[in-house]
Structure formats: structure tokens, C-alpha cells
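These notes are about the structure you will find just below.
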Amino acid sequence: MRVGIVCPYTWDVPGGVQVHIRDLAEALMADGHHVSVISPAAENADLPSYVTSAGRAVPVPFNGSVARMSFGFLSANRVRRWVREGRFDVLHVHEPAIPSLGLLACWVARGPIVATFHASYGNSRSFSVGVPVIMSALEKIGGRIAVSDAARKTLVEFMGGDAVLIPNGVTVSRYGEGEPLPGWDEGEVIGFLGRMDEPRKGLPVLLEAFALLAAERPALRLLLAGPGDADEVLERVPAAFHDRIGLLGLVSEEDKVRAYHTVDVFCAPNLGGESFGIVLTEAMSAGAAILASDIPAFRKVLDDGEAGALFETGDAGSLAREAAALLDDPARRARLSDAARLAVRKYDWSTVARDVLRVYETVASTAGVEEDAVGVGADGDAARAGRGDTL
């Protein structure tokens with residue numbers, strides 16, 4: 001099967017949706033399918049051979065985060081050309097309801113289209129106001145996938161209809177083994193992985209908890225990986241503890257795996273806006289003892305605390321107490337590690353990709369995906385949506 005996958009967010013800035021698309025594409029290719037991905041990307045970005053750039057993206061505040069997306073005539077023309085040349089059996093767009101490539105792809109293509117909805121928007125007034133504008137595109141979608149109950153709820157409430165629930169996947173074997181990072185083999189280590197400058201990732205809560213714990217635990221250290229301003233991070237912690245914080249910055253896939261195998265406790269202190277939790281499934285695959293905020297998405301992935309400990313969202317005191325309890329109980333950490341490795345198996349791409357493929361087969365017809373002659377142009381929806389290459 002020839003599959004075209006549309007990524008809404010820039011490929012050169014790591015994020016959960018990009019990781020999902022990468023791993024899905026590679027799982028499908030390993031199963032013998034032809035896959036091509038189009039994504040926003042910087043012109044000089046180092047892209048895999050199966051990824052086509054639709055041009056640069058710009059950062060836009062979106063859903064409590066900063067999304068880097070592309071939209072406009074230049075992007076639409078590149079999507080149109082990619083669709084025409086790809087001759088796909090199925091077009092798979094991700095997040096088609098946001099103003100980026102997925103929406104453009106729905107406008108410029110016709111034929112079998114599958115869409116995956118990742119985000120949970122809660123009570124988003126701006127999103128609900130924009131729904132009528134994008135319905136002409138969404139009506140072309142033949143198969144809908146939601147990665148979580150929260151994403152499915154958003155789809156039903158704002159757009160109507162329903163979706164099959166297929167969770168995010170993880171390549172479990174990629175994280176199963178890894179050498180700890182050098183210099184971190186002594187004492188106690190709490191780890192964090194994520195964009196440090198995004199409030200909803202909850203790093204300030206972890207930093208406050210670390211300051212509480214560090215005063216009582218002289219061997220405790222904090223390992224932070226992900227993009228962000230190191231000085232801003234250190235400003236939130238008393239100077240006496242600065243030498244006990246390791247700031248790795250943006251890490252390679254290899255070092256990310258090693259980081260999961262370095263920590264005694266992996267912490268996900270997110271405040272909300274998460275519909276799943278890819279970082280959790282990665283840490284689970286590595287067998288890390290996990291401590292996460294008790295937001296609904298994390299609670300479900302961690303089987304209500306059976307595969308990882310939970311603390312009260314946004315409460316640094318609760319985080320500190322639960323972290324101390326885990327650090328003081330190696331046997332409990334080992335039990336959580338074993339439970340995590342077992343629980344994460346249902347999210348392995350060997351299972352998830354087959355479920356996605358069944359959706360493809362359901363919507364596919366004898367005719368493949370083609371360019372829609374009226375999708376974009378002087379009278380098309382993209383023209384009415386606004387001019388310019390980016391938001």
C-alpha cells in the first residue's frame with residue numbers, strides 16, 4: 001500500500017506528534033508498505049529520506065503550548081505537488097482541524113483520507129468558533145482515529161461524529177536497554193524530559209519539589225533533558241543546589257534512552273493539555289520507576305498507579321512526598337518497573353500499526369488519492385482562510 005502521511009508540526013523541533021508519525025511510518029515501511037511524509041521543516045533541516053519539506057514553520061501559541069506550523073499558498077502548492085506525485089492509496093492526515101498542513105491536505109486532495117486526532121482542547125472557544133470554517137475539509141475524511149479518550153471527546157464535542165480509539169505507539173525495543181550516562185552512577189537521581197520552557201510541562205513544580213527534597217537529601221540530583229533556557233531553570237532553585245542539577249539540553253535518541261536508564265525516578269509533572277503521554281510509554285519501555293501528575297491521560301497510561309506512582313497535579317509538596325517515598329523503597333521501584341514493562345506492551349508499534357492499517361483498508365477504494373481541482377485557488381477554501389505562507 002502507498003501511504004501519504006501529513007505532519008502538522010515542524011519536523012526539526014521534537015514533539016509527541018512528530019515522534020508518533022516517525023514511528024508509524026517506519027513500522028509501516030518495515031511491514032513492506034511505501035510511505036511518504038510531508039511536514040513543515042527548515043530548508044536546511046536534516047530529514048529522513050521519506051520526509052518532504054513543505055517549507056518553514058512559525059511558532060504559534062496553541063493549546064497551552066507553542067506549535068510550529070505552516071499554512072498558506074506556498075505550503076498548499078507543495079502539498080498539492082506531493083499528493084499529485086505520490087499517487088497514494090490512502091492519505092493519512094494528523095490534526096486536520098488546526099491551521100497547518102493537515103487542513104491544507106484535506107482541501108487539496110480527494111479520495112481515501114484517514115485522520116488522527118491527538119489533542120484535547122477542553123473548553124476552547126477559539127477552536128469551536130473556527131469549526132465551521134474547516135468543516136468542508138473534515139467532511140472529506142473517511143476514517144477517524146483518536147489517540148485517547150480525551151482526544152475522542154474533543155472530536156465528538158466540537159465536530160460531531162466519532163472515531164476509533166487507537167493509542168499512540170512506542171517502539172518498545174528501542175528503549176529496552178541502555179548504558180547510564182557517565183557521571184550519574186552515584187547518589188539518587190530524579191529525571192525529567194521535555195520542553196523546559198512550556199508551562200504545561202510542569203517543570204517549575206518539579207524544581208520546587210527538588211528544592212524541598214535537596215535540603216534533606218544531600219545525595220539527590222536532578223537530571224533535565226530538553227530544550228529551554230538553562231539560566232531560567234537555575235533561577236528557580238536556590239544557588240546552593242545548582243551544582244546538583246544536570247542540564248543536558250536537546251538530546252539525541254541514544255542519549256534519551258541512556259537518560260531513562262540513568263534515573264532512579266523519572267518524573268512527568270505535566271499540568272494538563274496532554275491527551276496521552278508518549279514520554280511515559282518511552283520511560284515505561286525502559287523500565288523506569290515513574291512518578292507522574294495524576295492528570296487523566298497519565299492515570300490511564302499508568303493503569304491508575306499500578307505501572308507508575310501518581311501525585312497531585314501542580315502540588316510540589318505532593319510530588320516531593322511521593323518522590324521521597326519511591327527513593328526510600330527500592331523494592332517498590334522494582335515492582336513499578338516490572339509492571340511498566342508489562343503494561344507498555346499493548347502500545348508497541350507492532351500492535352498499533354496493524355490497527356491503523358485496518359482503518360486504511362476500511363476506507364481504501366479502487367481509486368487512490370488525487371489532487372482536488374477546486375481544493376485551493378481563487379474560489380477555494382484555502383483562499384478564503386487567508387493569504388500568506390504562514391499564520
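Here's how to read the names in the C-alpha cells: chain A, B, ... by the order shown, residue numbers from 1 in each chain, ligand numbers from 1 in the order shown.
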Which residues are near Ala105 of chain A? Cut-off 8 Å, only C-alpha atoms, ignore same chain within fewer than 5 positions. Put them as a PDB file with C-alpha atoms, in the first residue's frame.
ATOM      1  CA  VAL A   6       0.819  14.608   6.731  1.00  0.00           C
ATOM      2  CA  ALA A  76      -0.597  24.386  -0.177  1.00  0.00           C
ATOM      3  CA  VAL A  79       1.216  19.717  -0.537  1.00  0.00           C
ATOM      4  CA  ARG A  80      -0.630  19.640  -3.864  1.00  0.00           C
ATOM      5  CA  VAL A  93      -3.531  13.491   7.964  1.00  0.00           C
TER       6      VAL A  93
END
*Per DSSP on the backbone, filter segment 18-122 of chain A down to the residues in strand (DSSP E) and report them as a ChimeraX atom specification.*
/A:34-39,51-53,58-62,65-69,90-94,109-110,113-117
Would you mind listing what lies within 8 Å of Arg244 of chain A as a PDB file with all heavy atoms, in the first residue's frame, with only C-alpha atoms counted and same-chain residues fewer than 2 positions away left out?
ATOM      1  N   LEU A 220      20.930  13.715  46.562  1.00  0.00           N
ATOM      2  CA  LEU A 220      19.940  13.812  45.490  1.00  0.00           C
ATOM      3  C   LEU A 220      20.393  14.758  44.390  1.00  0.00           C
ATOM      4  O   LEU A 220      20.883  15.864  44.664  1.00  0.00           O
ATOM      5  CB  LEU A 220      18.604  14.304  46.061  1.00  0.00           C
ATOM      6  CG  LEU A 220      17.461  14.464  45.052  1.00  0.00           C
ATOM      7  CD1 LEU A 220      17.059  13.108  44.470  1.00  0.00           C
ATOM      8  CD2 LEU A 220      16.257  15.137  45.708  1.00  0.00           C
ATOM      9  N   ARG A 221      20.204  14.323  43.133  1.00  0.00           N
ATOM     10  CA  ARG A 221      20.499  15.175  41.982  1.00  0.00           C
ATOM     11  C   ARG A 221      19.315  15.146  41.000  1.00  0.00           C
ATOM     12  O   ARG A 221      18.490  14.229  41.037  1.00  0.00           O
ATOM     13  CB  ARG A 221      21.771  14.718  41.272  1.00  0.00           C
ATOM     14  CG  ARG A 221      23.032  14.939  42.098  1.00  0.00           C
ATOM     15  CD  ARG A 221      24.285  14.740  41.263  1.00  0.00           C
ATOM     16  NE  ARG A 221      24.518  13.346  40.940  1.00  0.00           N
ATOM     17  CZ  ARG A 221      25.447  12.929  40.069  1.00  0.00           C
ATOM     18  NH1 ARG A 221      26.187  13.815  39.427  1.00  0.00           N
ATOM     19  NH2 ARG A 221      25.610  11.647  39.837  1.00  0.00           N
ATOM     20  N   LEU A 222      19.283  16.148  40.143  1.00  0.00           N
ATOM     21  CA  LEU A 222      18.197  16.301  39.174  1.00  0.00           C
ATOM     22  C   LEU A 222      18.785  16.338  37.772  1.00  0.00           C
ATOM     23  O   LEU A 222      19.671  17.149  37.483  1.00  0.00           O
ATOM     24  CB  LEU A 222      17.422  17.586  39.461  1.00  0.00           C
ATOM     25  CG  LEU A 222      16.188  17.882  38.601  1.00  0.00           C
ATOM     26  CD1 LEU A 222      15.128  16.811  38.789  1.00  0.00           C
ATOM     27  CD2 LEU A 222      15.614  19.260  38.952  1.00  0.00           C
ATOM     28  N   PHE A 241      21.994  24.612  45.435  1.00  0.00           N
ATOM     29  CA  PHE A 241      21.700  23.325  44.805  1.00  0.00           C
ATOM     30  C   PHE A 241      22.019  23.305  43.313  1.00  0.00           C
ATOM     31  O   PHE A 241      21.771  22.292  42.648  1.00  0.00           O
ATOM     32  CB  PHE A 241      20.213  22.979  44.995  1.00  0.00           C
ATOM     33  CG  PHE A 241      19.771  22.968  46.427  1.00  0.00           C
ATOM     34  CD1 PHE A 241      18.544  23.513  46.791  1.00  0.00           C
ATOM     35  CD2 PHE A 241      20.570  22.425  47.428  1.00  0.00           C
ATOM     36  CE1 PHE A 241      18.120  23.507  48.112  1.00  0.00           C
ATOM     37  CE2 PHE A 241      20.167  22.416  48.758  1.00  0.00           C
ATOM     38  CZ  PHE A 241      18.942  22.968  49.101  1.00  0.00           C
ATOM     39  N   HIS A 242      22.569  24.382  42.772  1.00  0.00           N
ATOM     40  CA  HIS A 242      22.809  24.446  41.331  1.00  0.00           C
ATOM     41  C   HIS A 242      23.752  23.355  40.847  1.00  0.00           C
ATOM     42  O   HIS A 242      23.589  22.826  39.738  1.00  0.00           O
ATOM     43  CB  HIS A 242      23.366  25.824  40.945  1.00  0.00           C
ATOM     44  CG  HIS A 242      22.323  26.904  40.960  1.00  0.00           C
ATOM     45  ND1 HIS A 242      22.577  28.196  40.532  1.00  0.00           N
ATOM     46  CD2 HIS A 242      21.011  26.882  41.333  1.00  0.00           C
ATOM     47  CE1 HIS A 242      21.474  28.921  40.679  1.00  0.00           C
ATOM     48  NE2 HIS A 242      20.519  28.149  41.160  1.00  0.00           N
ATOM     49  N   GLY A 246      21.753  18.705  36.514  1.00  0.00           N
ATOM     50  CA  GLY A 246      22.369  18.493  35.212  1.00  0.00           C
ATOM     51  C   GLY A 246      21.425  18.891  34.103  1.00  0.00           C
ATOM     52  O   GLY A 246      20.280  18.417  34.052  1.00  0.00           O
TER      53      GLY A 246
END
*Per DSSP on the backbone, filter segment 142-382 of chain A down to the residues in helix (DSSP H, G or I) and report them as a VMD selection string.*
chain A and resid 149 to 159 172 to 175 199 to 201 203 to 214 230 to 235 239 to 244 253 to 260 278 to 285 296 to 301 303 to 305 316 to 327 330 to 347 349 to 363 381 to 382
*Can you tell me, as a PyMOL selection string, what residues are no more than 12 Å from Thr362 of chain A when counting only C-alpha atoms, ignoring any on the same chain fewer than 4 positions away?*
chain A and resi 89-90+112-114+142-144+164+355-358+366
*asked:* Neighbouring residues of segment 153-157 of chain A were defined as those with any atom within 8 Å, considering only C-alpha atoms; residues of the same chain fewer than 3 positions away were excluded. Please report them as a ChimeraX atom specification.
replied: /A:117,119-122,149-150,160-163
*segment 270-278 of chain A surroundings by only C-alpha atoms, 6 Å radius, close-in-sequence under 3 positions cut, as an NGL selection string*: :A and (119-120 or 148 or 150-151 or 200-202 or 281 or 297)
Would you write out those residues with C-alpha atoms, as a PDB file, in the first residue's frame?
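Generated file (result_37.pdb):
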ATOM      1  CA  ALA A 119      -5.052  16.850  21.130  1.00  0.00           C
ATOM      2  CA  SER A 120      -7.519  17.514  23.894  1.00  0.00           C
ATOM      3  CA  SER A 148      -7.088   8.808  23.616  1.00  0.00           C
ATOM      4  CA  ALA A 150      -9.718  12.878  25.749  1.00  0.00           C
ATOM      5  CA  ALA A 151      -8.966  13.409  22.060  1.00  0.00           C
ATOM      6  CA  ARG A 200       2.116  22.961  30.902  1.00  0.00           C
ATOM      7  CA  LYS A 201       5.044  20.523  31.106  1.00  0.00           C
ATOM      8  CA  GLY A 202       5.175  21.378  34.817  1.00  0.00           C
ATOM      9  CA  THR A 281       5.467   4.970  27.281  1.00  0.00           C
ATOM     10  CA  ALA A 297      -4.242  10.855  30.358  1.00  0.00           C
TER      11      ALA A 297
END
*Could you jot down the atom CA of Asp46 of chain A to atom CA of Val83 of chain A separation for me, Å, one decimal place?*
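For atom CA of Asp46 of chain A relative to atom CA of Val83 of chain A, the distance reads 22.0 Å.
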*Neighbours of Tyr260 of chain A within 10 Å (only C-alpha atoms; same-chain residues fewer than 4 positions away dropped), as a list in words?*
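Returned residues: Tyr175, Gly176, Glu177, Gly178, Glu179, Pro180, Leu181, Gly191, Phe192, Leu193, Asp255, Lys256, Asp264, Val265, Phe266, Glu282, Ala283, Met284, Ser285, Ala286, Gly287, Ala288 and Ala289 of chain A.
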Can you spit out the residues from that selection as a tab-separated table (two decimals), in the first residue's frame, using N, CA, C and O atoms?
chain	number	residue	atom	x	y	z
A	175	TYR	N	13.94	1.22	23.57
A	175	TYR	CA	14.26	1.77	24.89
A	175	TYR	C	14.62	0.70	25.92
A	175	TYR	O	14.95	1.03	27.06
A	176	GLY	N	14.56	-0.56	25.52
A	176	GLY	CA	14.71	-1.64	26.49
A	176	GLY	C	16.05	-1.68	27.19
A	176	GLY	O	16.14	-2.04	28.37
A	177	GLU	N	17.13	-1.34	26.49
A	177	GLU	CA	18.46	-1.41	27.08
A	177	GLU	C	19.22	-0.13	26.78
A	177	GLU	O	19.08	0.45	25.70
A	178	GLY	N	20.05	0.29	27.73
A	178	GLY	CA	20.86	1.48	27.54
A	178	GLY	C	21.84	1.66	28.68
A	178	GLY	O	21.51	1.38	29.84
A	179	GLU	N	23.04	2.10	28.35
A	179	GLU	CA	24.05	2.37	29.37
A	179	GLU	C	23.74	3.69	30.06
A	179	GLU	O	23.45	4.68	29.38
A	180	PRO	N	23.81	3.74	31.39
A	180	PRO	CA	23.60	5.02	32.08
A	180	PRO	C	24.59	6.08	31.62
A	180	PRO	O	25.70	5.76	31.17
A	181	LEU	N	24.19	7.32	31.70
A	181	LEU	CA	25.08	8.43	31.33
A	181	LEU	C	26.26	8.50	32.29
A	181	LEU	O	26.10	8.26	33.50
A	191	GLY	N	14.73	12.33	37.19
A	191	GLY	CA	14.89	12.80	35.82
A	191	GLY	C	13.62	13.42	35.25
A	191	GLY	O	12.50	13.12	35.68
A	192	PHE	N	13.83	14.28	34.26
A	192	PHE	CA	12.74	14.96	33.54
A	192	PHE	C	13.14	15.06	32.08
A	192	PHE	O	14.30	15.36	31.76
A	193	LEU	N	12.19	14.84	31.18
A	193	LEU	CA	12.43	15.00	29.75
A	193	LEU	C	11.27	15.76	29.14
A	193	LEU	O	10.11	15.36	29.26
A	255	ASP	N	21.07	9.25	23.58
A	255	ASP	CA	21.23	9.80	24.93
A	255	ASP	C	19.90	9.86	25.68
A	255	ASP	O	19.87	9.78	26.91
A	256	LYS	N	18.80	10.00	24.95
A	256	LYS	CA	17.50	9.95	25.61
A	256	LYS	C	17.28	8.58	26.24
A	256	LYS	O	16.84	8.48	27.40
A	264	ASP	N	16.79	7.16	38.95
A	264	ASP	CA	16.11	6.28	39.91
A	264	ASP	C	14.60	6.48	39.83
A	264	ASP	O	13.84	5.54	40.01
A	265	VAL	N	14.20	7.72	39.58
A	265	VAL	CA	12.79	8.06	39.41
A	265	VAL	C	12.66	8.99	38.22
A	265	VAL	O	13.35	10.01	38.14
A	266	PHE	N	11.80	8.63	37.28
A	266	PHE	CA	11.51	9.52	36.16
A	266	PHE	C	10.22	10.26	36.47
A	266	PHE	O	9.19	9.64	36.76
A	282	GLU	N	7.69	5.75	26.63
A	282	GLU	CA	9.13	5.58	26.43
A	282	GLU	C	9.79	5.17	27.73
A	282	GLU	O	10.60	4.22	27.77
A	283	ALA	N	9.48	5.90	28.81
A	283	ALA	CA	10.08	5.58	30.11
A	283	ALA	C	9.65	4.20	30.59
A	283	ALA	O	10.45	3.45	31.18
A	284	MET	N	8.40	3.84	30.33
A	284	MET	CA	7.92	2.50	30.69
A	284	MET	C	8.68	1.43	29.93
A	284	MET	O	9.04	0.39	30.49
A	285	SER	N	8.95	1.68	28.65
A	285	SER	CA	9.69	0.71	27.85
A	285	SER	C	11.10	0.51	28.38
A	285	SER	O	11.67	-0.59	28.27
A	286	ALA	N	11.66	1.56	28.97
A	286	ALA	CA	13.00	1.47	29.57
A	286	ALA	C	12.97	0.85	30.96
A	286	ALA	O	14.03	0.61	31.55
A	287	GLY	N	11.78	0.63	31.49
A	287	GLY	CA	11.67	0.06	32.82
A	287	GLY	C	11.95	1.05	33.93
A	287	GLY	O	12.35	0.66	35.03
A	288	ALA	N	11.74	2.34	33.66
A	288	ALA	CA	11.97	3.35	34.69
A	288	ALA	C	10.85	3.32	35.73
A	288	ALA	O	9.70	3.01	35.41
A	289	ALA	N	11.21	3.65	36.97
A	289	ALA	CA	10.20	3.86	38.00
A	289	ALA	C	9.65	5.27	37.80
A	289	ALA	O	10.38	6.25	37.88
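Straight-line separation from atom CA of Ala340 of chain A to atom CA of Ala307 of chain A: 4.6 Å.
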*For atom CA of Pro40 of chain A and atom CA of Arg195 of chain A, quote the distance in Å rounded to one decimal.*
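Between atom CA of Pro40 of chain A and atom CA of Arg195 of chain A the gap is 19.2 Å.
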*For Val369 of chain A, which residue among A:Ala42, A:Ala54, A:Leu326, A:Ala109 is the nearest when counting only C-alpha atoms?*
A:Ala109
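Distances from A:Ala292, A:Ile5, A:Glu26, A:Pro99 to Trp82 of chain A were compared using only C-alpha atoms, and the smallest one belongs to A:Ile5.
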